[in-house]
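Below is one structure, written out as structure tokens, with a few remarks after it.
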Amino acid sequence: MIAPDPFASNPRVTPISAAGAPAQGSTANEQPPSTWQIYASTELSITLTYPAHWRPAASDDIALFRGEDGFFGLSAAHMVAETAEAVCAEWVKRDPNPRTGSQPRVEPLQVAGQPACLILPSEDQQQPDGEALLFVQYPRAYEHSRTLILVADMAHIRQIGASLRFALPPQTLDSLRGALTYVELDIFSGRPNPVWPLPDAQQHELTTRLSGLTPGLVAPYPDRLGYRAVLIHFNQPPYGMPETIEVFGGSACFELGGARTCRADANRGIERWLLQTAERSQIDAGLLDDVLGEINTIAVVQAGDQPEIWSYESPDKRWRMVLMMYGCVPTETGNTNAYETFSLVRSADGASAVVDRQLIYCGGLGAYGLGGLFWSLNNRYYYYTTAREGTPDGCGFWQPPIWRLDVATMRIQELGFGFRSPDGTKLAAWRDQELILWDTDGAEWGRWQAPAPVPLAALRWAPDSGAVAYLLTPSPCDQNTAGKSYLVRVNLADFSQTVLIESATPIFDALDWLATDVIRLTDREGKTWIFDRKSLRQD
């Protein structure tokens with residue numbers, strides 16, 4: 001059985017409360033203490049409460065309100081990270097002004113039903129009022145990758161955070177006032193998602209369509225640019241129904257009672273119907289046409305020739321990853337398209353869920369195509385790429401990006417560009433000027449920042465899988481660019497990183513690891529060199 005969403009089931013992740021313990025019986029309609037004041041921000045689309053005796057802070061203060069016993073401030077930022085914990089970890093690592101001390105503590109939390117994390121200062125924190133930070137991911141109805149940042153003193157941050165609520169922008173609420181149900185078009189566009197009320201006359205048809213869905217595997221929510229899903233929101237959910245249902249790619253998913261459940265939406269019937277309920281005067285008609293056009297294009301491609309099918313069985317034979325590749329077909333848009341899906345199939349009963357998909361423009365340039373890589377030995381993770389064929393524009397080091405599906409949580413994570421170790425148990429990936437090492441059974445072993453802001457030219461495993469070497473080279477696209485190349489080794493025995501060579505002349509742009517302590521380098525003139533950890537000599 002697929003495990004529910006980890007934010008609902010993970011015992012380490014608890015709803016925030018004033019005392020730091022799991023909240024008991026709290027609701028959005030609870031009244032704040034009589035000595036607390038409600039603060040509302042239309043710009044940030046939130047409300048919260050704070051001590052009523054605090055007063056507006058000076059314009060140059062990080063705080064919005066401050067009193068003798070504490071303060072709070074608010075801001076929002078776009079932070080692209082896999083989880084709320086990753087947002088906090090990135091902040092702690094890259095904060096140029098360590099306001100939370102040298103060893104802050106990070107706690108995963110839930111705030112207003114959203115993933116969040118709390119950074120508590122270490123003992124050497126220099127701020128006199130004990131500054132702490134709370135990061136909360138915005139709901140999907142808001143700008144993507146947007147994170148709310150609450151800064152407050154340690155004595156008050158939990159209670160203020162527990163009072164936080166998100167609200168749709170006023171102009172959106174006005175159009176939905178009185179609607180029993182409203183629909184949201186989730187599209188990664190850098191703007192708030194379009195929403196529209198579902199007409200009362202279509203409420204019964206929605207209920208009928210939903211009740212006719214058949215059970216399916218839990219499907220991961222699409223995490224990509226462009227169109228993602230249609231969301232159904234109930235202002236007053238019918239008995240036994242969730243507040244929100246996500247409809248995407250042949251699935252209708254929701255969370256109820258702490259568990260995530262999905263139903264199969266055959267031929268994307270409900271998804272198409274919901275999109276057609278929008279009054280064209282209510283939303284951007286061009287945007288709606290683009291989304292419907294994409295869905296119709298996929299249907300045309302799937303109605304063409306039989307797909308090429310590849311199947312990848314897990315070591316314990318309980319699961320299969322099935323890749324279906326529909327070939328190039330002329331479509332109504334005037335383009336020629338192909339379409340590919342990767343699905344997880346449960347061997348026992350054939351139940352399946354699409355975990356990734358790709359609409360391809362045939363004859364185009366760049367890297368494209370889904371491709372299977374390998375299962376982890378513990379049967380929990382499947383590794384694949386989204387760039388099976390071709391290469392992106394430009395030059396320099398490139399490897400097809402590696403993605404990982406967690407079968408237990410049905411979450412997908414992009415790991416970066418890299419290679420599996422010779423013994424098959426580890427993975428070295430490069431992302432954002434960092435080397436990241438993973439155990440293929442799931443654990444992250446560590447991250448090492450590049451010693452200089454220089455592009456990656458090569459990445460290689462040692463033959464015995466005990467170390468990784470990488471080469472940094474100035475501007476691989478222009479051989480005349482001056483600078484230094486760096487040969488760096490990361491040793492897995494002690495997790496140390498060492499710069500083995502820092503060279504301006506010659507500049508190296510390729511490496512091969514020949515034996516445990518023997519590396520061959522190639523310079524810009526094509527000459528080869530041997531480095532044996534004691535000396536560098538021309539080959």
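FYI, nothing fancy with the structure tokens labels: chains A, B, ... in order, residues from 1 per chain, ligands from 1 as they appear.
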Exercise for review: From stretch 289-477 of chain A, collect each residue whose DSSP state is strand (DSSP E or B) and return the set as a PyMOL selection string.
Suggested key: chain A and resi 308-313+319-330+336-346+352-361+368+371-375+381-385+389+401-406+411-420+426-431+434-439+444-449+456-461+467-472
Check your understanding: Any idea what's packed within 12 Å of A:Val329, counting only C-alpha atoms, ignoring anything in its chain fewer than 6 positions away? Could you give it as a PyMOL selection string?
Key -> chain A and resi 297-307+335-339+359-363
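Distances to A:Thr331 were evaluated for A:Ser347, A:Gly293, A:Gly396, A:Tyr50 using only C-alpha atoms, and the minimum falls at A:Gly293.
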Exercise for review: Name the residues in contact with A:Phe65 at a cut-off of 9 Å, using only C-alpha atoms, excluding same-chain residues fewer than 5 positions from it; report them as a ChimeraX atom specification.
Suggested key: /A:50,54-58,70-73
Written selection (all heavy atoms) as an mmCIF file, in the first residue's frame:
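The resulting file, result.cif, is shown below:
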```cif
data_model
loop_
_atom_site.group_PDB
_atom_site.id
_atom_site.type_symbol
_atom_site.label_atom_id
_atom_site.label_comp_id
_atom_site.auth_asym_id
_atom_site.auth_seq_id
_atom_site.Cartn_x
_atom_site.Cartn_y
_atom_site.Cartn_z
ATOM 1 N N TYR A 50 -1.018 39.413 17.079
ATOM 2 C CA TYR A 50 0.194 39.831 17.791
ATOM 3 C C TYR A 50 -0.226 40.593 19.043
ATOM 4 O O TYR A 50 -1.379 41.063 19.142
ATOM 5 C CB TYR A 50 1.073 40.697 16.890
ATOM 6 C CG TYR A 50 0.441 42.020 16.516
ATOM 7 C CD1 TYR A 50 0.742 43.186 17.233
ATOM 8 C CD2 TYR A 50 -0.464 42.107 15.478
ATOM 9 C CE1 TYR A 50 0.154 44.397 16.909
ATOM 10 C CE2 TYR A 50 -1.052 43.321 15.141
ATOM 11 C CZ TYR A 50 -0.742 44.460 15.859
ATOM 12 O OH TYR A 50 -1.335 45.659 15.533
ATOM 13 N N TRP A 54 1.976 46.179 21.280
ATOM 14 C CA TRP A 54 3.068 46.507 20.371
ATOM 15 C C TRP A 54 2.641 47.640 19.443
ATOM 16 O O TRP A 54 1.476 47.742 19.055
ATOM 17 C CB TRP A 54 3.477 45.295 19.549
ATOM 18 C CG TRP A 54 4.171 44.231 20.360
ATOM 19 C CD1 TRP A 54 4.435 44.242 21.698
ATOM 20 C CD2 TRP A 54 4.651 42.973 19.867
ATOM 21 N NE1 TRP A 54 5.066 43.091 22.083
ATOM 22 C CE2 TRP A 54 5.227 42.286 20.977
ATOM 23 C CE3 TRP A 54 4.678 42.370 18.624
ATOM 24 C CZ2 TRP A 54 5.791 41.020 20.855
ATOM 25 C CZ3 TRP A 54 5.246 41.113 18.491
ATOM 26 C CH2 TRP A 54 5.799 40.447 19.604
ATOM 27 N N ARG A 55 3.594 48.443 19.033
ATOM 28 C CA ARG A 55 3.307 49.613 18.194
ATOM 29 C C ARG A 55 4.088 49.509 16.883
ATOM 30 O O ARG A 55 5.112 48.827 16.808
ATOM 31 C CB ARG A 55 3.688 50.904 18.934
ATOM 32 C CG ARG A 55 2.839 51.171 20.164
ATOM 33 C CD ARG A 55 1.389 51.494 19.740
ATOM 34 N NE ARG A 55 0.501 51.678 20.879
ATOM 35 C CZ ARG A 55 -0.331 50.742 21.334
ATOM 36 N NH1 ARG A 55 -0.386 49.551 20.735
ATOM 37 N NH2 ARG A 55 -1.121 50.983 22.353
ATOM 38 N N PRO A 56 3.611 50.199 15.823
ATOM 39 C CA PRO A 56 4.337 50.180 14.544
ATOM 40 C C PRO A 56 5.799 50.568 14.730
ATOM 41 O O PRO A 56 6.117 51.524 15.445
ATOM 42 C CB PRO A 56 3.580 51.200 13.687
ATOM 43 C CG PRO A 56 2.188 51.186 14.249
ATOM 44 C CD PRO A 56 2.360 50.987 15.728
ATOM 45 N N ALA A 57 6.678 49.821 14.079
ATOM 46 C CA ALA A 57 8.110 50.064 14.200
ATOM 47 C C ALA A 57 8.559 51.141 13.232
ATOM 48 O O ALA A 57 7.833 51.540 12.314
ATOM 49 C CB ALA A 57 8.882 48.766 13.944
ATOM 50 N N ALA A 58 9.774 51.618 13.437
ATOM 51 C CA ALA A 58 10.345 52.629 12.551
ATOM 52 C C ALA A 58 10.528 52.050 11.147
ATOM 53 O O ALA A 58 10.643 50.837 10.951
ATOM 54 C CB ALA A 58 11.678 53.115 13.114
ATOM 55 N N GLY A 70 9.118 42.220 22.731
ATOM 56 C CA GLY A 70 9.248 41.437 21.508
ATOM 57 C C GLY A 70 8.886 42.213 20.259
ATOM 58 O O GLY A 70 8.641 43.433 20.300
ATOM 59 N N PHE A 71 8.820 41.511 19.119
ATOM 60 C CA PHE A 71 8.549 42.159 17.832
ATOM 61 C C PHE A 71 8.157 41.092 16.819
ATOM 62 O O PHE A 71 8.311 39.885 17.048
ATOM 63 C CB PHE A 71 9.792 42.887 17.327
ATOM 64 C CG PHE A 71 10.874 41.952 16.861
ATOM 65 C CD1 PHE A 71 11.007 41.619 15.512
ATOM 66 C CD2 PHE A 71 11.749 41.367 17.775
ATOM 67 C CE1 PHE A 71 11.987 40.734 15.101
ATOM 68 C CE2 PHE A 71 12.734 40.487 17.364
ATOM 69 C CZ PHE A 71 12.862 40.162 16.014
ATOM 70 N N PHE A 72 7.639 41.538 15.659
ATOM 71 C CA PHE A 72 7.509 40.640 14.516
ATOM 72 C C PHE A 72 7.618 41.444 13.227
ATOM 73 O O PHE A 72 7.317 42.642 13.192
ATOM 74 C CB PHE A 72 6.191 39.836 14.555
ATOM 75 C CG PHE A 72 5.007 40.557 13.957
ATOM 76 C CD1 PHE A 72 4.703 40.422 12.594
ATOM 77 C CD2 PHE A 72 4.184 41.363 14.732
ATOM 78 C CE1 PHE A 72 3.610 41.076 12.039
ATOM 79 C CE2 PHE A 72 3.089 42.023 14.192
ATOM 80 C CZ PHE A 72 2.804 41.878 12.833
ATOM 81 N N GLY A 73 8.092 40.759 12.174
ATOM 82 C CA GLY A 73 8.178 41.342 10.838
ATOM 83 C C GLY A 73 7.797 40.303 9.806
ATOM 84 O O GLY A 73 7.829 39.100 10.072
#
```
Practice item. As a list in words, list the residues of stretch 54-90 of chain A assigned to alpha helix (DSSP H) by DSSP on the backbone atoms of this structure. Key: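 Here are the alpha helix (DSSP H) residues of stretch 54-90 of chain A: Ala84, Glu85, Ala86, Val87, Cys88, Ala89 and Glu90 of chain A.
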Selected residues, C-alpha atoms, written as a PDB file, in the first residue's frame, please.
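Listing of part-v7.pdb after writing:
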```pdb
ATOM      1  CA  ALA A  84      10.343  23.584   3.509  1.00  0.00           C
ATOM      2  CA  GLU A  85      13.254  22.012   5.399  1.00  0.00           C
ATOM      3  CA  ALA A  86      15.436  22.513   2.325  1.00  0.00           C
ATOM      4  CA  VAL A  87      14.458  26.203   2.266  1.00  0.00           C
ATOM      5  CA  CYS A  88      15.623  26.565   5.869  1.00  0.00           C
ATOM      6  CA  ALA A  89      18.819  24.599   5.234  1.00  0.00           C
ATOM      7  CA  GLU A  90      19.627  26.799   2.243  1.00  0.00           C
TER       8      GLU A  90
END
```
Contacts of A:Lys527 within 12 Å, only C-alpha atoms, excl. fewer than 2 positions in-chain, as a PDB file with C-alpha atoms, in the first residue's frame:
```
ATOM      1  CA  PRO A 506      47.996  24.866 -18.416  1.00  0.00           C
ATOM      2  CA  ILE A 507      44.209  25.029 -18.149  1.00  0.00           C
ATOM      3  CA  PHE A 508      42.647  21.566 -18.038  1.00  0.00           C
ATOM      4  CA  ASP A 509      39.239  20.774 -19.507  1.00  0.00           C
ATOM      5  CA  ALA A 510      38.882  16.952 -19.276  1.00  0.00           C
ATOM      6  CA  LEU A 511      39.725  14.155 -16.850  1.00  0.00           C
ATOM      7  CA  ARG A 520      44.662  11.647 -16.439  1.00  0.00           C
ATOM      8  CA  LEU A 521      43.980  15.280 -17.378  1.00  0.00           C
ATOM      9  CA  THR A 522      43.714  16.847 -20.822  1.00  0.00           C
ATOM     10  CA  ASP A 523      44.578  20.515 -21.365  1.00  0.00           C
ATOM     11  CA  ARG A 524      43.182  22.973 -23.903  1.00  0.00           C
ATOM     12  CA  GLU A 525      45.905  22.111 -26.416  1.00  0.00           C
ATOM     13  CA  TRP A 529      48.927  14.825 -18.106  1.00  0.00           C
ATOM     14  CA  ILE A 530      49.125  12.272 -15.283  1.00  0.00           C
ATOM     15  CA  ARG A 537      53.655  15.199 -15.195  1.00  0.00           C
ATOM     16  CA  GLN A 538      52.998  15.286 -18.904  1.00  0.00           C
ATOM     17  CA  ASP A 539      51.921  11.939 -20.272  1.00  0.00           C
TER      18      ASP A 539
END
```
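Near A:Asp406, within 6 Å and counting only C-alpha atoms, sit Arg380, Tyr381, Thr409, Met410 and Arg411 of chain A; same-chain residues fewer than 3 positions away were not included.
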Exercise for review: Rank nothing, just name the residue among A:Thr181, A:Ser75, A:Ser496, A:Thr261 nearest to A:Val195, using only C-alpha atoms.
Suggested key: A:Thr181
Check your understanding: Which distance in Å separates atom CA of A:Val355 and atom CA of A:Val230, to one decimal?
Key ->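 Answer for the atom CA of A:Val355 to atom CA of A:Val230 separation: 16.8 Å.
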Check your understanding: Counting only C-alpha atoms, what is within 8 Å of stretch 470-474 of chain A, bar same-chain residues fewer than 6 positions away, as number ranges by chain?
Key -> A: 454-460, 481-489, 507-511
Practice item. Could you jot down the atom CA of A:Met321 to atom CA of A:Pro220 separation for me, Å, one decimal place? Key: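 Atom CA of A:Met321 sits 14.2 Å away from atom CA of A:Pro220.
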